[in-house]
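Asks: Provided below: query36.tsv, containing TSV, C-alpha atoms and all ligand atoms.
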```tsv
chain	number	residue	atom	x	y	z
U	1	MET	CA	0.00	0.00	0.00
U	2	LYS	CA	1.19	3.54	-0.76
U	3	ILE	CA	0.62	6.07	2.01
U	4	ILE	CA	0.99	9.77	1.29
U	5	ASP	CA	0.72	12.36	4.03
U	6	VAL	CA	-1.02	15.68	3.47
U	7	GLY	CA	0.97	17.81	5.91
U	8	LEU	CA	-1.35	20.37	7.47
U	9	GLY	CA	-0.22	20.30	11.11
U	10	LYS	CA	-2.97	19.03	13.39
U	11	ARG	CA	-5.24	18.62	10.38
U	12	SER	CA	-2.77	16.37	8.52
U	13	TYR	CA	-4.20	13.20	7.03
U	14	PRO	CA	-3.11	10.13	5.09
U	15	ILE	CA	-4.01	9.19	1.54
U	16	MET	CA	-3.88	5.41	1.19
U	17	VAL	CA	-3.69	3.76	-2.24
U	18	ALA	CA	-4.06	-0.01	-2.74
U	19	ALA	CA	-5.94	-2.53	-4.86
U	20	GLY	CA	-8.84	-3.97	-2.84
U	21	LEU	CA	-8.64	-1.27	-0.15
U	22	LEU	CA	-12.43	-0.93	-0.02
U	23	SER	CA	-12.71	-4.09	2.08
U	24	GLU	CA	-9.97	-2.91	4.47
U	25	ILE	CA	-11.50	0.44	5.36
U	26	GLY	CA	-13.38	-0.90	8.41
U	27	ARG	CA	-10.20	-2.27	9.95
U	28	ASP	CA	-8.29	0.96	9.31
U	29	LEU	CA	-11.05	3.18	10.69
U	30	ARG	CA	-11.23	1.06	13.83
U	31	GLN	CA	-7.46	1.41	14.33
U	32	ARG	CA	-7.58	5.15	13.77
U	33	ALA	CA	-10.64	5.45	16.03
U	34	VAL	CA	-11.98	8.34	13.94
U	35	ALA	CA	-15.55	7.80	15.23
U	36	LYS	CA	-17.90	5.24	16.74
U	37	ARG	CA	-20.54	5.58	14.12
U	38	TYR	CA	-20.39	6.31	10.39
U	39	VAL	CA	-22.78	7.46	7.70
U	40	VAL	CA	-21.89	6.55	4.11
U	41	ILE	CA	-23.12	9.03	1.50
U	42	ALA	CA	-23.25	7.80	-2.10
U	43	ASP	CA	-25.19	8.32	-5.30
U	44	ASP	CA	-27.64	5.65	-6.43
U	45	ARG	CA	-25.16	4.13	-8.93
U	46	VAL	CA	-22.13	3.88	-6.64
U	47	ALA	CA	-24.26	2.80	-3.67
U	48	GLY	CA	-25.35	-0.20	-5.76
U	49	LEU	CA	-21.83	-0.98	-6.96
U	50	TYR	CA	-19.76	-0.56	-3.79
U	51	GLY	CA	-22.05	0.30	-0.85
U	52	LYS	CA	-22.37	-3.33	0.27
U	53	THR	CA	-18.60	-4.01	0.26
U	54	LEU	CA	-17.89	-0.87	2.29
U	55	ILE	CA	-20.70	-1.46	4.79
U	56	GLU	CA	-19.64	-5.10	5.24
U	57	SER	CA	-16.07	-3.96	5.83
U	58	LEU	CA	-17.27	-1.72	8.68
U	59	ALA	CA	-19.72	-4.32	10.02
U	60	SER	CA	-16.94	-6.94	10.14
U	61	GLN	CA	-15.19	-4.69	12.67
U	62	GLY	CA	-18.37	-4.19	14.72
U	63	ILE	CA	-18.71	-0.59	13.50
U	64	SER	CA	-22.24	0.73	13.14
U	65	CYS	CA	-23.03	2.43	9.85
U	66	GLU	CA	-25.91	3.98	7.90
U	67	LEU	CA	-26.22	4.66	4.17
U	68	LEU	CA	-27.74	7.79	2.63
U	69	VAL	CA	-28.29	7.84	-1.13
U	70	PHE	CA	-28.94	10.74	-3.50
U	71	PRO	CA	-29.64	10.75	-7.28
U	72	ARG	CA	-26.47	10.56	-9.38
U	73	GLY	CA	-25.17	13.53	-11.38
U	74	GLU	CA	-24.08	17.16	-11.14
U	75	ALA	CA	-27.78	18.20	-10.89
U	76	SER	CA	-27.74	16.90	-7.31
U	77	LYS	CA	-24.86	19.18	-6.33
U	78	ASN	CA	-27.04	21.90	-4.85
U	79	MET	CA	-28.32	23.38	-1.60
U	80	THR	CA	-31.49	21.26	-1.71
U	81	THR	CA	-29.42	18.07	-1.48
U	82	ILE	CA	-27.38	19.59	1.35
U	83	ALA	CA	-30.53	20.50	3.30
U	84	ARG	CA	-32.02	17.06	2.69
U	85	LEU	CA	-28.88	15.25	3.82
U	86	ALA	CA	-28.54	17.47	6.91
U	87	SER	CA	-32.15	16.66	7.85
U	88	SER	CA	-31.50	12.94	7.38
U	89	LEU	CA	-28.41	13.18	9.61
U	90	ALA	CA	-30.42	14.99	12.30
U	91	GLN	CA	-33.20	12.36	12.06
U	92	LEU	CA	-30.59	9.62	12.50
U	93	GLY	CA	-29.34	11.41	15.60
U	94	VAL	CA	-25.86	11.92	14.11
U	95	ASP	CA	-23.71	14.03	16.44
U	96	ARG	CA	-20.28	15.66	16.53
U	97	LYS	CA	-18.54	12.41	17.42
U	98	ASP	CA	-19.79	10.68	14.27
U	99	CYS	CA	-18.18	10.67	10.84
U	100	LEU	CA	-19.39	10.81	7.23
U	101	ILE	CA	-17.91	8.69	4.45
U	102	ALA	CA	-18.02	10.09	0.90
U	103	LEU	CA	-18.22	7.05	-1.38
U	104	GLY	CA	-18.14	8.11	-5.01
U	105	GLY	CA	-16.87	10.66	-7.51
U	106	GLY	CA	-16.30	14.39	-7.31
U	107	VAL	CA	-19.96	15.33	-6.82
U	108	THR	CA	-20.29	12.97	-3.84
U	109	GLY	CA	-17.03	14.18	-2.28
U	110	ASP	CA	-17.97	17.85	-2.70
U	111	ILE	CA	-21.47	17.36	-1.26
U	112	THR	CA	-20.42	15.14	1.63
U	113	GLY	CA	-17.48	17.37	2.53
U	114	PHE	CA	-19.72	20.43	2.56
U	115	VAL	CA	-22.37	18.75	4.73
U	116	ALA	CA	-19.58	17.64	7.07
U	117	ALA	CA	-18.23	21.22	7.19
U	118	ILE	CA	-21.55	22.77	8.21
U	119	TYR	CA	-23.57	20.06	10.02
U	120	MET	CA	-23.37	20.89	13.75
U	121	ARG	CA	-20.66	23.39	12.71
U	122	GLY	CA	-18.42	20.61	11.53
U	123	ILE	CA	-18.10	16.85	11.92
U	124	ALA	CA	-15.42	14.46	10.65
U	125	PHE	CA	-15.52	12.94	7.17
U	126	VAL	CA	-13.38	10.62	5.08
U	127	GLN	CA	-13.14	10.30	1.33
U	128	VAL	CA	-13.46	7.06	-0.61
U	129	PRO	CA	-13.15	8.28	-4.22
U	130	THR	CA	-14.32	5.90	-6.94
U	131	THR	CA	-13.51	7.86	-10.13
U	132	LEU	CA	-10.02	8.60	-11.42
U	133	LEU	CA	-10.78	12.34	-11.31
U	134	ALA	CA	-11.76	12.15	-7.65
U	135	GLN	CA	-8.82	9.87	-6.80
U	136	VAL	CA	-6.18	12.14	-8.31
U	137	ASP	CA	-7.76	15.51	-7.62
U	138	SER	CA	-11.03	16.35	-5.92
U	139	SER	CA	-10.84	14.01	-2.90
U	140	VAL	CA	-7.55	15.57	-1.78
U	141	GLY	CA	-7.17	19.14	-0.57
U	142	GLY	CA	-10.43	19.95	1.17
U	143	LYS	CA	-12.37	21.82	-1.50
U	144	THR	CA	-16.05	21.16	-0.80
U	145	GLY	CA	-19.21	22.83	-2.02
U	146	VAL	CA	-22.19	22.99	-4.33
U	147	ASP	CA	-23.42	24.79	-7.44
U	148	ILE	CA	-26.00	27.58	-7.43
U	149	PRO	CA	-27.91	28.85	-10.50
U	150	GLU	CA	-25.36	31.69	-10.80
U	151	GLY	CA	-22.40	29.32	-11.18
U	152	LYS	CA	-20.62	26.07	-10.37
U	153	ASN	CA	-18.97	25.64	-6.97
U	154	LEU	CA	-19.96	29.15	-5.91
U	155	VAL	CA	-20.88	28.07	-2.36
U	156	GLY	CA	-18.54	25.95	-0.31
U	157	ALA	CA	-15.79	25.67	2.26
U	158	PHE	CA	-12.23	24.48	2.59
U	159	TYR	CA	-12.69	21.50	4.89
U	160	GLN	CA	-10.16	18.69	5.05
U	161	PRO	CA	-11.07	14.99	5.36
U	162	ARG	CA	-9.55	12.78	8.09
U	163	ALA	CA	-8.32	10.22	5.56
U	164	VAL	CA	-8.58	9.35	1.87
U	165	TYR	CA	-8.93	5.68	0.86
U	166	ILE	CA	-8.20	4.98	-2.79
U	167	ASP	CA	-8.98	1.52	-4.14
U	168	SER	CA	-7.41	1.31	-7.60
U	169	ARG	CA	-9.55	-1.71	-8.47
U	170	VAL	CA	-12.83	0.21	-8.51
U	171	LEU	CA	-11.71	2.02	-11.66
U	172	SER	CA	-12.61	-1.07	-13.70
U	173	SER	CA	-16.30	-0.11	-13.46
U	174	LEU	CA	-15.66	3.44	-14.65
U	175	PRO	CA	-17.27	4.52	-17.97
U	176	SER	CA	-14.51	5.39	-20.50
U	177	GLU	CA	-15.50	9.07	-20.66
U	178	GLU	CA	-15.04	9.26	-16.88
U	179	LEU	CA	-11.58	7.73	-17.23
U	180	LEU	CA	-10.65	10.39	-19.80
U	181	ASN	CA	-11.89	13.11	-17.44
U	182	GLY	CA	-9.41	11.91	-14.86
U	183	LEU	CA	-6.59	11.47	-17.36
U	184	ALA	CA	-6.72	15.17	-18.30
U	185	GLU	CA	-5.99	16.03	-14.65
U	186	VAL	CA	-3.24	13.38	-14.55
U	187	ILE	CA	-1.46	14.93	-17.56
U	188	LYS	CA	-1.90	18.35	-15.93
U	189	TYR	CA	0.28	17.27	-12.97
U	190	GLY	CA	3.11	16.28	-15.29
U	191	VAL	CA	3.06	19.62	-17.10
U	192	ILE	CA	2.78	21.83	-14.02
U	193	TYR	CA	5.16	20.03	-11.69
U	194	ASP	CA	7.04	16.96	-12.82
U	195	ARG	CA	8.70	16.38	-16.19
U	196	ASP	CA	9.76	12.82	-15.26
U	197	PHE	CA	6.14	11.98	-14.48
U	198	PHE	CA	5.09	13.46	-17.84
U	199	ASP	CA	7.67	11.19	-19.56
U	200	PHE	CA	6.36	8.23	-17.52
U	201	LEU	CA	2.81	8.91	-18.74
U	202	ASP	CA	3.99	9.14	-22.32
U	203	ALA	CA	5.96	5.89	-22.04
U	204	ASN	CA	3.18	3.92	-20.31
U	205	ARG	CA	0.12	5.13	-22.19
U	206	GLU	CA	-1.27	1.72	-23.13
U	207	GLN	CA	-0.89	0.25	-19.63
U	208	ILE	CA	-2.57	3.32	-18.16
U	209	LEU	CA	-5.48	3.18	-20.61
U	210	GLN	CA	-5.88	-0.51	-19.80
U	211	LEU	CA	-5.80	0.34	-16.06
U	212	GLN	CA	-2.96	-2.14	-15.47
U	213	LEU	CA	-2.62	-2.22	-11.72
U	214	PRO	CA	1.00	-1.47	-10.81
U	215	VAL	CA	1.13	1.33	-13.39
U	216	ILE	CA	-2.20	2.94	-12.55
U	217	GLU	CA	-1.30	2.85	-8.85
U	218	GLU	CA	1.98	4.57	-9.63
U	219	VAL	CA	0.02	7.24	-11.52
U	220	ILE	CA	-2.52	7.78	-8.72
U	221	GLY	CA	0.20	7.83	-6.07
U	222	ARG	CA	2.34	10.38	-7.93
U	223	CYS	CA	-0.63	12.67	-8.59
U	224	CYS	CA	-1.61	12.52	-4.91
U	225	GLN	CA	1.98	13.26	-3.85
U	226	ILE	CA	2.03	16.35	-6.05
U	227	LYS	CA	-1.39	17.49	-4.90
U	228	ALA	CA	-0.46	16.87	-1.24
U	229	ALA	CA	2.73	18.92	-1.60
U	230	VAL	CA	0.88	21.80	-3.27
U	231	VAL	CA	-1.98	21.80	-0.73
U	232	ALA	CA	0.41	21.58	2.23
U	233	ALA	CA	2.24	24.66	0.91
U	234	ASP	CA	-0.92	26.66	0.13
U	235	GLU	CA	-4.13	25.16	1.51
U	236	LYS	CA	-6.46	28.06	0.64
U	237	GLU	CA	-5.19	28.84	-2.85
U	238	ALA	CA	-3.53	32.14	-2.04
U	239	ASP	CA	-0.62	31.42	-4.36
U	240	LEU	CA	0.99	28.07	-5.32
U	241	ARG	CA	-2.28	26.08	-5.35
U	242	ARG	CA	-3.36	28.19	-8.30
U	243	ILE	CA	-1.02	26.10	-10.50
U	244	LEU	CA	-3.62	23.31	-10.23
U	245	ASN	CA	-5.80	25.50	-12.43
U	246	TYR	CA	-3.63	24.96	-15.52
U	247	GLY	CA	-6.05	24.45	-18.41
U	248	HIS	CA	-9.00	25.29	-16.17
U	249	THR	CA	-9.46	29.03	-16.85
U	250	LEU	CA	-10.03	28.50	-20.56
U	251	GLY	CA	-11.44	25.02	-19.91
U	252	HIS	CA	-14.20	26.40	-17.68
U	253	ALA	CA	-15.14	28.91	-20.36
U	254	VAL	CA	-15.39	26.07	-22.91
U	255	GLU	CA	-17.41	23.91	-20.51
U	256	ALA	CA	-19.82	26.72	-19.65
U	257	ALA	CA	-20.23	27.92	-23.26
U	258	SER	CA	-21.17	24.36	-24.25
U	259	ASP	CA	-23.77	24.42	-21.45
U	260	PHE	CA	-21.75	21.59	-19.87
U	261	ALA	CA	-22.28	19.29	-22.87
U	262	ILE	CA	-18.47	19.12	-23.03
U	263	ALA	CA	-17.27	17.14	-20.01
U	264	HIS	CA	-14.82	18.69	-17.54
U	265	GLY	CA	-11.79	16.61	-18.55
U	266	MET	CA	-12.32	17.23	-22.27
U	267	ALA	CA	-12.64	20.96	-21.59
U	268	VAL	CA	-9.49	20.94	-19.44
U	269	ALA	CA	-7.59	19.12	-22.22
U	270	MET	CA	-8.65	21.83	-24.71
U	271	GLY	CA	-7.88	24.46	-22.06
U	272	MET	CA	-4.34	23.14	-21.55
U	273	VAL	CA	-3.59	23.29	-25.27
U	274	ALA	CA	-5.14	26.78	-25.45
U	275	ALA	CA	-3.04	27.91	-22.44
U	276	ASN	CA	0.04	26.61	-24.27
U	277	SER	CA	-0.89	28.79	-27.24
U	278	LEU	CA	-1.09	31.80	-24.91
U	279	ALA	CA	2.31	30.82	-23.50
U	280	GLN	CA	3.73	30.59	-27.01
U	281	GLY	CA	2.13	33.93	-27.91
U	282	LYS	CA	3.99	35.46	-24.98
U	283	ALA	CA	7.23	33.67	-25.99
U	284	LEU	CA	7.24	31.72	-22.71
U	285	LEU	CA	7.02	28.22	-24.19
U	286	SER	CA	8.93	26.75	-27.12
U	287	PRO	CA	7.01	25.23	-30.05
U	288	PRO	CA	8.53	21.74	-29.57
U	289	GLU	CA	7.48	21.65	-25.89
U	290	ALA	CA	3.95	22.80	-26.79
U	291	GLU	CA	3.79	20.22	-29.58
U	292	ARG	CA	4.86	17.41	-27.24
U	293	ILE	CA	2.16	18.29	-24.69
U	294	SER	CA	-0.46	18.31	-27.46
U	295	GLN	CA	0.77	14.94	-28.73
U	296	VAL	CA	0.52	13.34	-25.30
U	297	ILE	CA	-2.95	14.81	-24.68
U	298	ALA	CA	-4.16	13.57	-28.09
U	299	GLY	CA	-2.38	10.24	-27.58
U	300	PHE	CA	-4.61	9.53	-24.58
U	301	GLY	CA	-7.66	10.20	-26.76
U	302	LEU	CA	-8.36	13.66	-25.39
U	303	PRO	CA	-9.36	16.60	-27.62
U	304	VAL	CA	-6.87	19.37	-28.35
U	305	ALA	CA	-8.96	21.92	-30.24
U	306	ILE	CA	-11.83	24.10	-29.04
U	307	PRO	CA	-14.86	23.30	-31.26
U	308	ARG	CA	-15.35	26.10	-33.78
U	309	GLU	CA	-19.10	26.12	-33.27
U	310	LEU	CA	-18.79	27.32	-29.65
U	311	ASP	CA	-19.86	30.94	-29.24
U	312	HIS	CA	-16.67	32.93	-29.01
U	313	ASN	CA	-18.23	35.92	-27.21
U	314	LEU	CA	-19.92	33.64	-24.72
U	315	MET	CA	-16.57	32.03	-23.87
U	316	LYS	CA	-15.04	35.49	-23.40
U	317	SER	CA	-17.85	36.53	-21.07
U	318	PHE	CA	-17.38	33.34	-19.00
U	319	LEU	CA	-13.68	34.15	-18.70
U	320	LYS	CA	-14.55	37.51	-17.14
U	321	THR	CA	-17.02	36.02	-14.66
U	322	ASP	CA	-14.80	33.07	-13.72
U	323	LYS	CA	-14.92	32.90	-9.92
U	324	LYS	CA	-11.15	33.15	-9.79
U	325	ALA	CA	-11.03	36.30	-11.94
U	326	VAL	CA	-10.21	39.49	-10.04
U	327	SER	CA	-12.10	42.62	-11.20
U	328	GLY	CA	-13.11	40.75	-14.35
U	329	LYS	CA	-9.47	39.87	-15.16
U	330	PRO	CA	-8.82	36.13	-15.36
U	331	PHE	CA	-5.44	34.67	-14.53
U	332	PHE	CA	-3.74	32.00	-16.57
U	333	VAL	CA	-1.34	29.23	-15.61
U	334	LEU	CA	1.16	29.11	-18.46
U	335	PRO	CA	3.89	26.50	-18.91
U	336	THR	CA	7.43	27.74	-19.47
U	337	ARG	CA	8.62	24.16	-20.08
U	338	ILE	CA	7.17	20.72	-19.28
U	339	GLY	CA	7.25	20.51	-15.47
U	340	GLN	CA	7.23	24.25	-14.82
U	341	VAL	CA	4.60	26.99	-15.02
U	342	THR	CA	4.14	30.66	-14.34
U	343	ILE	CA	0.93	32.45	-13.31
U	344	THR	CA	-0.10	35.69	-14.95
U	345	ASP	CA	-3.08	37.92	-15.65
U	346	ASP	CA	-1.03	39.86	-18.16
U	347	VAL	CA	-2.33	38.42	-21.41
U	348	ALA	CA	-3.45	40.71	-24.24
U	349	ALA	CA	-7.15	40.53	-25.09
U	350	GLU	CA	-6.23	40.06	-28.79
U	351	LEU	CA	-4.16	36.97	-27.93
U	352	ILE	CA	-7.01	35.47	-25.89
U	353	ASP	CA	-9.36	36.24	-28.78
U	354	GLN	CA	-7.08	34.52	-31.25
U	355	VAL	CA	-6.65	31.42	-29.06
U	356	LEU	CA	-10.40	31.10	-28.49
U	357	GLY	CA	-10.78	31.06	-32.26
U	358	GLY	CA	-12.12	34.62	-32.63
U	359	ARG	CA	-12.93	35.47	-36.21
N	401	LIG	N1	-8.85	21.04	-8.24
N	401	LIG	C1	-8.02	22.13	-7.90
N	401	LIG	C2	-7.74	22.25	-6.45
N	401	LIG	O1	-8.08	21.38	-5.68
N	401	LIG	O2	-7.18	23.24	-6.04
```
Take the structure from the file and write it as structure tokens.
Ligand code: GLY

Replies:
Amino acid sequence: MKIIDVGLGKRSYPIMVAAGLLSEIGRDLRQRAVAKRYVVIADDRVAGLYGKTLIESLASQGISCELLVFPRGEASKNMTTIARLASSLAQLGVDRKDCLIALGGGVTGDITGFVAAIYMRGIAFVQVPTTLLAQVDSSVGGKTGVDIPEGKNLVGAFYQPRAVYIDSRVLSSLPSEELLNGLAEVIKYGVIYDRDFFDFLDANREQILQLQLPVIEEVIGRCCQIKAAVVAADEKEADLRRILNYGHTLGHAVEAASDFAIAHGMAVAMGMVAANSLAQGKALLSPPEAERISQVIAGFGLPVAIPRELDHNLMKSFLKTDKKAVSGKPFFVLPTRIGQVTITDDVAAELIDQVLGGR
């Protein structure tokens, strides 16, 4: 088993990565004595796939556990679900000594973490991510929250889990589009932080796409190490953590302009290539480096070009209202070479226009 520590002083926590870990969670939670009683929160799909294994793992250790289920999908990531879950917790008599378990993808982790942050002013929670995206990104670092009609993730809290349990075997049930969503974030880590890891991804593409176990565990572990290091240095995204947004500023604009028909990972892939074009336009990144990143992204089956039919003005307006923009000025994470980036809001409007395909 790989164990990675997220170093946040008293709020530090381990990320554990192993094949078959789902059945070991009960034993580990008993040893850590996080709580006496647990409530698993999962969507209706993941509850059916993995709820039983997790609950049996806890029951085998004599740990009492309840299961709360919500309808799958981003549409559930709202305040109504939060209110409903909080009521269910109150009806179950859940108190400050109890602990929630987020079993599922990013939506489940964000919802459960946010309920944990605000129910009784904060109770413990652990993450059991079941998608690649959640395993390498959203389950680590304490970003929790929900969408409101005015925008995605506009309400939330930084609230760290007590532990993250990653079972690499559960990825075998993941739809291929979901795998690609995660792979965009995986490639991101190589570009922003670790050239050797980028080379590793390039050299092991087939094994990764086939989810071969030692290789995919290496990938998950390395991504979590990078994320843990970044979060430990800058938990609340004042500075360094912003590098995790490589490809996301333009990617979010693409996602929103497509009315979310383009999935997050696909949009991030296009956003990374578009950010590289900005970097080239500012003479920060050499053409061969940009070309290599595009080749690797495309090699994994991810898109590299923003669809021409997307409304260019709409994308520009989403850039201005991005929640990370300051006074309507977005910032961009731009690579200077593979493994290194710089952050800037100094990008000419004409260059942005050109990269978004303005005509
Ligand atoms: N997904 C970006 C972050 O956690 O900061």

Asks: Do a neighbour search on U:Ile101 at 9 Å with only C-alpha atoms, toss out local chain neighbours closer than 5 positions, and write the hits as a list in words.

Replies: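 Once the adjacent positions are removed, what remains is Tyr38, Val39, Val40, Ile41, Ala42, Gly109, Thr112, Gly113, Ala124, Phe125, Val126, Gln127 and Val128 of chain U.
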
Asks: For U:Ala157, find every residue with an atom within 7 Å (counting only C-alpha atoms), except residues of its own chain fewer than 2 positions away, and show them as a PDB file with C-alpha atoms, in the coordinates of the input.

Replies:
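Listing of out_21.pdb after writing:
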```
ATOM      1  CA  PHE U 114     -19.720  20.430   2.560  1.00  0.00           C
ATOM      2  CA  LYS U 143     -12.370  21.820  -1.500  1.00  0.00           C
ATOM      3  CA  THR U 144     -16.050  21.160  -0.800  1.00  0.00           C
ATOM      4  CA  GLY U 145     -19.210  22.830  -2.020  1.00  0.00           C
ATOM      5  CA  TYR U 159     -12.690  21.500   4.890  1.00  0.00           C
TER       6      TYR U 159
END
```

Asks: Distance atom CA of U:Cys65-atom CA of U:Lys2, one decimal place?

Replies: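 For atom CA of U:Cys65 relative to atom CA of U:Lys2, the distance reads 26.5 Å.
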
Asks: Do a neighbour search on U:Gln160 at 12 Å with only C-alpha atoms, toss out local chain neighbours closer than 3 positions, and write the hits as a PyMOL selection string.

Replies: chain U and resi 6-15+109-110+112-114+116-117+122-127+138-144+157+163-164+228+231-232+235-236

Asks: Could those selected residues go to a file with C-alpha atoms, as an mmCIF file, keeping the file's coordinate frame?

Replies:
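Once everything was written out, this is result36.cif:
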```
data_model
loop_
_atom_site.group_PDB
_atom_site.id
_atom_site.type_symbol
_atom_site.label_atom_id
_atom_site.label_comp_id
_atom_site.auth_asym_id
_atom_site.auth_seq_id
_atom_site.Cartn_x
_atom_site.Cartn_y
_atom_site.Cartn_z
ATOM 1 C CA VAL U 6 -1.020 15.680 3.470
ATOM 2 C CA GLY U 7 0.970 17.810 5.910
ATOM 3 C CA LEU U 8 -1.350 20.370 7.470
ATOM 4 C CA GLY U 9 -0.220 20.300 11.110
ATOM 5 C CA LYS U 10 -2.970 19.030 13.390
ATOM 6 C CA ARG U 11 -5.240 18.620 10.380
ATOM 7 C CA SER U 12 -2.770 16.370 8.520
ATOM 8 C CA TYR U 13 -4.200 13.200 7.030
ATOM 9 C CA PRO U 14 -3.110 10.130 5.090
ATOM 10 C CA ILE U 15 -4.010 9.190 1.540
ATOM 11 C CA GLY U 109 -17.030 14.180 -2.280
ATOM 12 C CA ASP U 110 -17.970 17.850 -2.700
ATOM 13 C CA THR U 112 -20.420 15.140 1.630
ATOM 14 C CA GLY U 113 -17.480 17.370 2.530
ATOM 15 C CA PHE U 114 -19.720 20.430 2.560
ATOM 16 C CA ALA U 116 -19.580 17.640 7.070
ATOM 17 C CA ALA U 117 -18.230 21.220 7.190
ATOM 18 C CA GLY U 122 -18.420 20.610 11.530
ATOM 19 C CA ILE U 123 -18.100 16.850 11.920
ATOM 20 C CA ALA U 124 -15.420 14.460 10.650
ATOM 21 C CA PHE U 125 -15.520 12.940 7.170
ATOM 22 C CA VAL U 126 -13.380 10.620 5.080
ATOM 23 C CA GLN U 127 -13.140 10.300 1.330
ATOM 24 C CA SER U 138 -11.030 16.350 -5.920
ATOM 25 C CA SER U 139 -10.840 14.010 -2.900
ATOM 26 C CA VAL U 140 -7.550 15.570 -1.780
ATOM 27 C CA GLY U 141 -7.170 19.140 -0.570
ATOM 28 C CA GLY U 142 -10.430 19.950 1.170
ATOM 29 C CA LYS U 143 -12.370 21.820 -1.500
ATOM 30 C CA THR U 144 -16.050 21.160 -0.800
ATOM 31 C CA ALA U 157 -15.790 25.670 2.260
ATOM 32 C CA ALA U 163 -8.320 10.220 5.560
ATOM 33 C CA VAL U 164 -8.580 9.350 1.870
ATOM 34 C CA ALA U 228 -0.460 16.870 -1.240
ATOM 35 C CA VAL U 231 -1.980 21.800 -0.730
ATOM 36 C CA ALA U 232 0.410 21.580 2.230
ATOM 37 C CA GLU U 235 -4.130 25.160 1.510
ATOM 38 C CA LYS U 236 -6.460 28.060 0.640
#
```

Asks: Give me, please, the distance in Å between atom CA of U:Arg337 and atom CA of U:Ile216, quoted to one decimal.

Replies: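 Atom-to-atom, atom CA of U:Arg337 and atom CA of U:Ile216 are spaced 25.0 Å apart.
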
Asks: Point out the residue among U:Ala203, U:Val191, U:Leu351, U:Leu133 with the least atom-to-atom distance to ligand LIG 401 (chain N), counting all atoms listed in the file.

Replies: U:Leu133

Asks: Could you put an axis-aligned box around every listed atom of ligand LIG 401 (chain N), padded by 8 Å on each side, and send me its centre and edge lengths in Å to one decimal, as JSON?

Replies:
```
{"center_x": -8.0, "center_y": 22.1, "center_z": -7.0, "size_x": 17.7, "size_y": 18.2, "size_z": 18.6}
```
